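Visitor: Below is final_6.cif; it holds mmCIF, C-alpha atoms and all ligand atoms.
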```
data_final
loop_
_atom_site.label_atom_id
_atom_site.label_comp_id
_atom_site.auth_asym_id
_atom_site.auth_seq_id
_atom_site.Cartn_x
_atom_site.Cartn_y
_atom_site.Cartn_z
CA MET A 1425 105.69 43.82 105.14
CA GLY A 1426 103.74 45.33 102.22
CA ARG A 1427 105.32 46.87 99.20
CA HIS A 1428 106.37 50.50 99.52
CA LYS A 1429 104.27 52.83 97.42
CA PHE A 1430 107.45 54.34 95.96
CA SER A 1431 110.73 52.60 95.34
CA LEU A 1432 113.67 54.04 97.22
CA GLY A 1433 115.10 55.32 93.96
CA SER A 1434 111.97 57.23 92.92
CA ARG A 1435 112.37 60.99 92.55
CA PRO A 1436 110.13 63.30 94.58
CA ARG A 1437 107.39 64.96 92.56
CA VAL A 1438 108.50 68.57 92.55
CA ARG A 1439 107.23 71.73 90.93
CA MET A 1440 108.88 75.13 90.70
CA PRO A 1441 106.44 78.03 91.11
CA THR A 1442 106.05 80.06 87.91
CA PRO A 1443 106.09 83.76 88.84
CA GLU A 1444 102.97 85.78 88.00
CA VAL A 1445 102.28 89.50 88.15
CA ILE A 1446 101.43 90.39 91.76
CA GLU A 1447 99.48 93.62 92.36
CA THR A 1448 99.39 95.48 95.67
CA SER A 1449 97.89 98.86 96.47
CA ARG A 1450 100.97 100.78 95.24
CA LEU A 1451 103.07 98.18 93.43
CA ARG A 1452 103.18 95.82 90.50
CA LEU A 1453 105.61 92.95 90.97
CA VAL A 1454 106.39 91.88 87.43
CA PRO A 1455 108.35 88.80 86.36
CA PHE A 1456 111.75 90.23 85.45
CA ASP A 1457 112.14 90.75 81.70
CA GLU A 1458 114.26 92.45 79.06
CA ARG A 1459 113.06 95.97 79.77
CA HIS A 1460 114.38 95.76 83.35
CA PHE A 1461 118.02 95.42 82.20
CA THR A 1462 119.02 99.07 82.50
CA ALA A 1463 122.03 101.14 83.49
CA ARG A 1464 119.90 102.30 86.42
CA TYR A 1465 119.66 98.70 87.67
CA VAL A 1466 123.45 98.19 87.37
CA GLY A 1467 123.96 101.53 89.14
CA TRP A 1468 122.05 100.28 92.19
CA LEU A 1469 124.50 97.39 92.59
CA ASN A 1470 127.46 99.77 92.37
CA ASP A 1471 126.04 102.17 94.97
CA PRO A 1472 127.83 101.46 98.30
CA ALA A 1473 124.82 102.70 100.31
CA VAL A 1474 122.48 100.26 98.55
CA VAL A 1475 124.72 97.22 98.98
CA ARG A 1476 125.99 98.16 102.44
CA PHE A 1477 124.43 95.07 104.08
CA ASN A 1478 124.62 92.86 101.04
CA GLU A 1479 127.33 90.53 99.72
CA GLN A 1480 127.16 92.32 96.35
CA ARG A 1481 129.28 95.03 98.03
CA HIS A 1482 132.50 93.13 97.38
CA ARG A 1483 132.74 93.71 93.61
CA ARG A 1484 131.93 96.02 90.69
CA HIS A 1485 128.90 95.13 88.60
CA ASP A 1486 128.11 95.44 84.90
CA LEU A 1487 125.19 94.63 82.65
CA SER A 1488 126.59 91.33 81.44
CA GLY A 1489 127.07 90.11 85.02
CA CYS A 1490 123.47 91.10 85.80
CA ARG A 1491 122.29 89.17 82.74
CA GLU A 1492 124.21 86.09 83.85
CA TRP A 1493 122.60 86.20 87.27
CA VAL A 1494 119.09 86.69 85.85
CA GLU A 1495 119.70 83.81 83.40
CA ALA A 1496 120.92 81.58 86.22
CA MET A 1497 117.78 82.40 88.24
CA ARG A 1498 115.60 81.59 85.22
CA ALA A 1499 117.48 78.35 84.48
CA GLY A 1500 117.14 77.28 88.10
CA GLY A 1501 113.41 78.12 88.11
CA HIS A 1502 113.82 80.64 90.93
CA PRO A 1503 111.16 83.38 90.67
CA LEU A 1504 112.45 86.92 90.18
CA TRP A 1505 110.23 90.00 90.08
CA ALA A 1506 110.94 93.62 89.24
CA ILE A 1507 109.31 95.96 91.77
CA GLU A 1508 107.43 98.66 89.83
CA THR A 1509 105.63 101.46 91.65
CA ASN A 1510 102.38 103.02 90.49
CA ASP A 1511 104.21 106.37 90.57
CA PRO A 1512 105.40 106.90 86.96
CA ALA A 1513 108.20 109.16 88.19
CA LEU A 1514 109.70 106.22 90.07
CA GLY A 1515 108.80 103.16 87.96
CA HIS A 1516 111.15 100.21 88.50
CA VAL A 1517 112.73 100.70 91.94
CA GLY A 1518 114.20 97.28 92.74
CA ASN A 1519 113.92 93.53 92.56
CA ILE A 1520 112.70 90.71 94.77
CA ALA A 1521 113.62 87.07 94.29
CA ALA A 1522 112.88 83.68 95.82
CA TYR A 1523 115.41 80.85 95.92
CA VAL A 1524 113.15 77.80 95.86
CA ASP A 1525 113.98 74.35 97.17
CA PRO A 1526 111.08 72.48 95.54
CA ALA A 1527 111.65 69.07 97.15
CA ASN A 1528 111.21 70.58 100.63
CA ARG A 1529 108.79 73.31 99.47
CA VAL A 1530 110.78 76.12 101.08
CA ALA A 1531 111.71 79.46 99.55
CA ASP A 1532 114.28 81.99 100.71
CA VAL A 1533 113.38 85.54 99.72
CA THR A 1534 115.77 88.42 99.03
CA ILE A 1535 114.98 92.04 98.18
CA LEU A 1536 116.90 94.99 96.86
CA ILE A 1537 115.29 98.41 96.52
CA GLY A 1538 117.96 100.29 94.63
CA GLU A 1539 116.20 103.61 94.19
CA ARG A 1540 117.16 105.38 97.38
CA SER A 1541 114.45 108.04 97.05
CA ALA A 1542 111.95 105.17 97.42
CA TRP A 1543 113.31 104.05 100.81
CA GLY A 1544 111.33 104.56 103.98
CA HIS A 1545 107.88 104.70 102.32
CA GLY A 1546 106.76 101.17 103.12
CA ILE A 1547 107.58 99.78 99.66
CA GLY A 1548 109.91 97.13 101.07
CA VAL A 1549 107.36 95.74 103.49
CA GLU A 1550 104.58 95.87 100.86
CA ALA A 1551 106.64 93.90 98.30
CA TRP A 1552 107.98 91.43 100.87
CA GLN A 1553 104.56 90.67 102.32
CA ALA A 1554 103.03 90.20 98.87
CA VAL A 1555 105.74 87.81 97.66
CA CYS A 1556 105.65 85.74 100.87
CA ASP A 1557 101.83 85.50 100.63
CA TRP A 1558 102.09 84.48 96.97
CA LEU A 1559 104.75 81.82 97.62
CA LEU A 1560 102.71 80.25 100.44
CA ALA A 1561 99.48 80.28 98.41
CA ARG A 1562 99.89 80.17 94.61
CA GLY A 1563 103.51 78.97 94.90
CA ARG A 1564 102.51 76.08 97.20
CA MET A 1565 105.48 76.59 99.50
CA ARG A 1566 105.38 75.29 103.09
CA LYS A 1567 107.84 77.76 104.48
CA VAL A 1568 109.25 81.12 103.41
CA SER A 1569 112.39 82.55 104.95
CA GLY A 1570 114.74 85.49 104.78
CA GLY A 1571 118.05 86.45 106.27
CA THR A 1572 120.01 89.63 106.84
CA MET A 1573 122.80 91.17 108.85
CA ALA A 1574 121.42 91.99 112.30
CA ALA A 1575 122.59 95.57 111.69
CA ASN A 1576 120.14 95.96 108.79
CA ARG A 1577 117.32 97.21 111.01
CA ALA A 1578 114.95 98.02 108.14
CA MET A 1579 115.19 94.46 106.83
CA VAL A 1580 114.65 92.96 110.29
CA ARG A 1581 111.53 95.15 110.71
CA ILE A 1582 110.24 94.10 107.30
CA MET A 1583 110.47 90.43 108.24
CA GLU A 1584 108.83 91.02 111.62
CA ARG A 1585 106.03 93.07 110.05
CA ALA A 1586 105.44 90.31 107.49
CA GLY A 1587 104.62 87.92 110.36
CA MET A 1588 107.91 86.05 110.28
CA HIS A 1589 109.52 84.62 113.39
CA PRO A 1590 113.20 84.18 114.30
CA ASP A 1591 114.57 81.07 112.60
CA GLY A 1592 118.17 80.93 113.74
CA ILE A 1593 121.29 83.04 113.98
CA ARG A 1594 124.73 82.53 112.49
CA THR A 1595 126.98 84.31 114.94
CA GLY A 1596 129.58 86.69 113.52
CA GLN A 1597 128.92 85.53 109.96
CA PHE A 1598 129.87 88.80 108.24
CA LEU A 1599 132.37 91.60 108.61
CA LEU A 1600 130.77 95.05 108.45
CA ASP A 1601 133.25 97.93 108.70
CA GLY A 1602 135.70 95.45 110.17
CA GLN A 1603 133.29 94.34 112.92
CA ALA A 1604 131.80 90.85 113.11
CA VAL A 1605 127.99 90.92 112.78
CA ASP A 1606 125.40 88.17 113.02
CA LEU A 1607 123.30 86.78 110.18
CA VAL A 1608 119.71 86.56 111.46
CA HIS A 1609 117.13 84.33 109.79
CA TYR A 1610 113.36 84.76 109.94
CA ALA A 1611 110.62 82.47 108.61
CA ARG A 1612 106.89 82.00 108.25
CA PHE A 1613 104.93 78.83 107.54
CA ALA A 1614 101.84 78.24 105.43
CA PRO A 1615 98.76 78.75 107.68
CA ALA A 1616 97.92 75.05 108.05
CA LEU A 1617 101.45 74.41 109.31
CA ALA A 1618 101.83 77.44 111.57
C1 LIG B 1701 116.11 97.13 103.35
C2 LIG B 1701 115.08 97.71 102.37
C3 LIG B 1701 114.42 96.54 101.60
C4 LIG B 1701 114.03 98.49 103.17
O1 LIG B 1701 113.02 98.91 102.26
P1 LIG B 1701 112.13 100.22 102.57
O2 LIG B 1701 111.07 100.28 101.55
O3 LIG B 1701 113.02 101.38 102.73
O4 LIG B 1701 111.52 99.81 104.00
P2 LIG B 1701 110.08 100.22 104.54
O5 LIG B 1701 109.82 101.65 104.22
O6 LIG B 1701 109.09 99.19 104.09
O7 LIG B 1701 110.29 100.11 106.11
C5 LIG B 1701 110.20 98.88 106.81
C6 LIG B 1701 110.51 99.11 108.27
O8 LIG B 1701 111.89 99.45 108.43
C7 LIG B 1701 112.02 100.70 109.09
N1 LIG B 1701 113.15 101.36 108.51
C8 LIG B 1701 113.26 101.86 107.25
N2 LIG B 1701 114.49 102.35 107.06
C9 LIG B 1701 115.16 102.20 108.22
C10 LIG B 1701 116.47 102.50 108.66
N3 LIG B 1701 117.36 103.09 107.86
N4 LIG B 1701 116.82 102.17 109.93
C11 LIG B 1701 115.95 101.56 110.75
N5 LIG B 1701 114.68 101.23 110.39
C12 LIG B 1701 114.31 101.55 109.14
C13 LIG B 1701 110.72 101.41 108.84
O9 LIG B 1701 110.45 102.39 109.82
C14 LIG B 1701 109.75 100.26 108.90
O10 LIG B 1701 109.56 99.86 110.25
P3 LIG B 1701 108.21 100.24 111.07
O11 LIG B 1701 107.14 99.48 110.38
O12 LIG B 1701 108.52 99.78 112.43
O13 LIG B 1701 108.06 101.73 110.94
C15 LIG B 1701 115.73 98.69 101.35
O14 LIG B 1701 116.31 99.74 102.06
C16 LIG B 1701 116.80 98.03 100.50
O15 LIG B 1701 116.48 97.29 99.57
N6 LIG B 1701 118.06 98.27 100.83
C17 LIG B 1701 119.18 97.76 100.06
C18 LIG B 1701 119.28 96.25 99.95
C19 LIG B 1701 119.11 95.50 101.24
O16 LIG B 1701 119.65 95.85 102.28
N7 LIG B 1701 118.36 94.41 101.13
C20 LIG B 1701 118.17 93.45 102.17
C21 LIG B 1701 119.32 92.51 102.16
S1 LIG B 1701 118.84 90.97 102.78
#
```
Just dump the structure as structure tokens.
Ligand SMILES: CC(C)(COP(=O)(O)OP(=O)(O)OC[C@H]1O[C@@H](n2cnc3c(N)ncnc32)[C@H](O)[C@@H]1OP(=O)(O)O)[C@@H](O)C(=O)NCCC(=O)NCCS
Guide:
Amino acid sequence: MGRHKFSLGSRPRVRMPTPEVIETSRLRLVPFDERHFTARYVGWLNDPAVVRFNEQRHRRHDLSGCREWVEAMRAGGHPLWAIETNDPALGHVGNIAAYVDPANRVADVTILIGERSAWGHGIGVEAWQAVCDWLLARGRMRKVSGGTMAANRAMVRIMERAGMHPDGIRTGQFLLDGQAVDLVHYARFAPALA
């Protein structure tokens, strides 16, 4: 038997994607920076309507907690973008992040549009699609995924419209208003792997 190219103890060659500015027709997705730490951002996380389907709903938020989370994302190399609209009256309306597993080249995407007046105008689908495309191309990911409570119909539609397919269900994973609801996962592969 010939020698293995890599010893069993060798570490996989891995690379975290470095987030870049992503432009779409109405949005600029900007790597999250100092100017995005605002009371408005903290307010989104403390708005029960915004976090209704989100595990952030279980506690109060403050600026220092937000900073800790953003720092942890940065330290872990997980890309985080602020969603800025071209409409100056709206500006920064939310954030979109990717939890990257570099060894397996998979990324799990999460989105929060906190500015409620921006809901229902296609911003969510535009940001989601752009980040998934970026991760599969520039980010060299094999697979992008997302998950939400089945009751979050807007989020399910966003994942379907972004060309994702069902990727598993965790039955009764969450309690929403005292009722058990499923966690539904969706995923899309890089074109060569689809
Ligand atoms: C979920 C969220 C990202 C949706 O963003 P949005 O910009 O309002 O969504 P869009 O306008 O792009 O709409 C996407 C689809 O959802 C549908 N939709 C929007 N709001 C809806 C609602 N309240 N109920 C059902 N469908 C809805 C739209 O009609 C569209 O579907 P269509 O293409 O079939 O017409 C946004 O509301 C949000 O961030 N909410 C708070 C945080 C959250 O729930 N994040 C996801 C947790 S994983």
Visitor: List the neighbours of stretch 1569-1575 of chain A out to 6 Å using all atoms listed in the file; skip same-chain residues closer than 4 positions along the sequence, and give me the result as a list in words.
Guide: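 So, after excluding close chain neighbours, the residues are Asp1532, Val1533, Asp1606, Leu1607, Val1608, His1609, Tyr1610 and Ala1611 of chain A.
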Visitor: Taking all atoms of ligand LIG 1701 (chain B) that appear in the file, build a box with edges along x, y and z, extend it by 8 Å on every side, and state its centre and edge lengths in Å to one decimal, as AutoDock Vina command-line options.
Guide:
```
--center_x 113.4 --center_y 97.0 --center_z 106.0 --size_x 28.5 --size_y 28.1 --size_z 28.9
```
Visitor: Select, from A:His1502, A:Arg1581, A:Arg1484, A:Arg1612, the residue with the minimum atom-to-atom distance to A:Pro1526, counting all atoms listed in the file.
Guide: A:His1502
Visitor: Show me which residues are within 10 Å of ligand LIG 1701 (chain B) counting all atoms listed in the file, and format the list as an NGL selection string.
Guide: :A and (1468-1469 or 1471-1480 or 1517-1520 or 1533-1553 or 1570-1586 or 1607-1609)
Visitor: Could you tell me how far atom CA of A:Ala1614 lies from atom CA of A:Thr1595, in Å and to one decimal?
Guide: 27.6 Å
Visitor: Which distance in Å separates atom CA of A:Ala1561 and atom CA of A:Gly1587, to one decimal?
Guide: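 Taking atom CA of A:Ala1561 as the start and atom CA of A:Gly1587 as the end point, the length is 15.1 Å.
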Visitor: I'd like to know which of A:Pro1441, A:Pro1503, A:Pro1512, A:Gly1489 is closest to A:Leu1453, using all atoms listed in the file.
Guide: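 Result for the nearest residue to A:Leu1453: A:Pro1503.
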Visitor: Between atom CA of A:Trp1505 and atom CA of A:Ala1522, what is the spacing in Å?
Guide: 8.9 Å
Visitor: So which one's closest to A:Ala1531, A:His1482, A:Arg1564, A:Arg1459, A:Arg1464? Using only C-alpha atoms, please.
Guide: A:Arg1564
Visitor: Using only C-alpha atoms, determine which residues lie at most 8 Å from stretch 1460-1463 of chain A, disregarding the query and same-chain residues fewer than 4 positions distant; provide the list as a tab-separated table (two decimals) with C-alpha atoms, in the frame of the given file.
Guide:
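Resulting contents of result.tsv:
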```tsv
chain	number	residue	atom	x	y	z
A	1456	PHE	CA	111.75	90.23	85.45
A	1467	GLY	CA	123.96	101.53	89.14
A	1487	LEU	CA	125.19	94.63	82.65
A	1490	CYS	CA	123.47	91.10	85.80
A	1491	ARG	CA	122.29	89.17	82.74
A	1506	ALA	CA	110.94	93.62	89.24
A	1516	HIS	CA	111.15	100.21	88.50
```
Visitor: Name the closest residue to A:Leu1600 among the candidates A:Tyr1523, A:Leu1504, A:Ala1616, A:Arg1481; distances are taken between atoms, counting all atoms listed in the file.
Guide: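 Closest candidate: A:Arg1481.
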Visitor: Could you rebuild stretch 1485-1505 of chain A with N, CA and C atoms and give it back as a PDB file, keeping the file's coordinate frame?
Guide:
```
ATOM      1  N   HIS A1485     129.913  95.838  89.397  1.00  0.00           N
ATOM      2  CA  HIS A1485     128.900  95.130  88.600  1.00  0.00           C
ATOM      3  C   HIS A1485     128.781  95.758  87.221  1.00  0.00           C
ATOM      4  N   ASP A1486     128.410  94.917  86.240  1.00  0.00           N
ATOM      5  CA  ASP A1486     128.110  95.440  84.900  1.00  0.00           C
ATOM      6  C   ASP A1486     126.892  94.685  84.356  1.00  0.00           C
ATOM      7  N   LEU A1487     126.422  95.177  83.196  1.00  0.00           N
ATOM      8  CA  LEU A1487     125.190  94.630  82.650  1.00  0.00           C
ATOM      9  C   LEU A1487     125.313  93.147  82.315  1.00  0.00           C
ATOM     10  N   SER A1488     126.481  92.739  81.830  1.00  0.00           N
ATOM     11  CA  SER A1488     126.590  91.330  81.440  1.00  0.00           C
ATOM     12  C   SER A1488     126.559  90.428  82.681  1.00  0.00           C
ATOM     13  N   GLY A1489     127.142  90.879  83.777  1.00  0.00           N
ATOM     14  CA  GLY A1489     127.070  90.110  85.020  1.00  0.00           C
ATOM     15  C   GLY A1489     125.630  90.008  85.523  1.00  0.00           C
ATOM     16  N   CYS A1490     124.879  91.110  85.389  1.00  0.00           N
ATOM     17  CA  CYS A1490     123.470  91.100  85.800  1.00  0.00           C
ATOM     18  C   CYS A1490     122.692  90.093  84.951  1.00  0.00           C
ATOM     19  N   ARG A1491     122.960  90.106  83.652  1.00  0.00           N
ATOM     20  CA  ARG A1491     122.290  89.170  82.740  1.00  0.00           C
ATOM     21  C   ARG A1491     122.571  87.727  83.141  1.00  0.00           C
ATOM     22  N   GLU A1492     123.836  87.463  83.459  1.00  0.00           N
ATOM     23  CA  GLU A1492     124.210  86.090  83.850  1.00  0.00           C
ATOM     24  C   GLU A1492     123.431  85.651  85.077  1.00  0.00           C
ATOM     25  N   TRP A1493     123.320  86.560  86.047  1.00  0.00           N
ATOM     26  CA  TRP A1493     122.600  86.200  87.270  1.00  0.00           C
ATOM     27  C   TRP A1493     121.120  85.961  86.975  1.00  0.00           C
ATOM     28  N   VAL A1494     120.524  86.846  86.179  1.00  0.00           N
ATOM     29  CA  VAL A1494     119.090  86.690  85.850  1.00  0.00           C
ATOM     30  C   VAL A1494     118.880  85.385  85.081  1.00  0.00           C
ATOM     31  N   GLU A1495     119.788  85.065  84.162  1.00  0.00           N
ATOM     32  CA  GLU A1495     119.700  83.810  83.400  1.00  0.00           C
ATOM     33  C   GLU A1495     119.817  82.608  84.316  1.00  0.00           C
ATOM     34  N   ALA A1496     120.745  82.693  85.284  1.00  0.00           N
ATOM     35  CA  ALA A1496     120.920  81.580  86.220  1.00  0.00           C
ATOM     36  C   ALA A1496     119.663  81.388  87.071  1.00  0.00           C
ATOM     37  N   MET A1497     119.039  82.497  87.471  1.00  0.00           N
ATOM     38  CA  MET A1497     117.780  82.400  88.240  1.00  0.00           C
ATOM     39  C   MET A1497     116.712  81.725  87.390  1.00  0.00           C
ATOM     40  N   ARG A1498     116.616  82.145  86.118  1.00  0.00           N
ATOM     41  CA  ARG A1498     115.600  81.590  85.220  1.00  0.00           C
ATOM     42  C   ARG A1498     115.857  80.101  85.004  1.00  0.00           C
ATOM     43  N   ALA A1499     117.135  79.753  84.742  1.00  0.00           N
ATOM     44  CA  ALA A1499     117.480  78.350  84.480  1.00  0.00           C
ATOM     45  C   ALA A1499     117.186  77.477  85.699  1.00  0.00           C
ATOM     46  N   GLY A1500     117.392  78.037  86.878  1.00  0.00           N
ATOM     47  CA  GLY A1500     117.140  77.280  88.100  1.00  0.00           C
ATOM     48  C   GLY A1500     115.671  77.272  88.495  1.00  0.00           C
ATOM     49  N   GLY A1501     114.844  78.056  87.787  1.00  0.00           N
ATOM     50  CA  GLY A1501     113.410  78.120  88.110  1.00  0.00           C
ATOM     51  C   GLY A1501     113.103  78.954  89.340  1.00  0.00           C
ATOM     52  N   HIS A1502     114.040  79.825  89.723  1.00  0.00           N
ATOM     53  CA  HIS A1502     113.820  80.640  90.930  1.00  0.00           C
ATOM     54  C   HIS A1502     113.106  81.938  90.537  1.00  0.00           C
ATOM     55  N   PRO A1503     111.914  82.191  91.075  1.00  0.00           N
ATOM     56  CA  PRO A1503     111.160  83.380  90.670  1.00  0.00           C
ATOM     57  C   PRO A1503     111.903  84.682  90.978  1.00  0.00           C
ATOM     58  N   LEU A1504     111.822  85.599  90.022  1.00  0.00           N
ATOM     59  CA  LEU A1504     112.450  86.920  90.180  1.00  0.00           C
ATOM     60  C   LEU A1504     111.463  87.958  89.647  1.00  0.00           C
ATOM     61  N   TRP A1505     111.157  88.942  90.483  1.00  0.00           N
ATOM     62  CA  TRP A1505     110.230  90.000  90.080  1.00  0.00           C
ATOM     63  C   TRP A1505     110.933  91.357  90.110  1.00  0.00           C
TER      64      TRP A1505
END
```
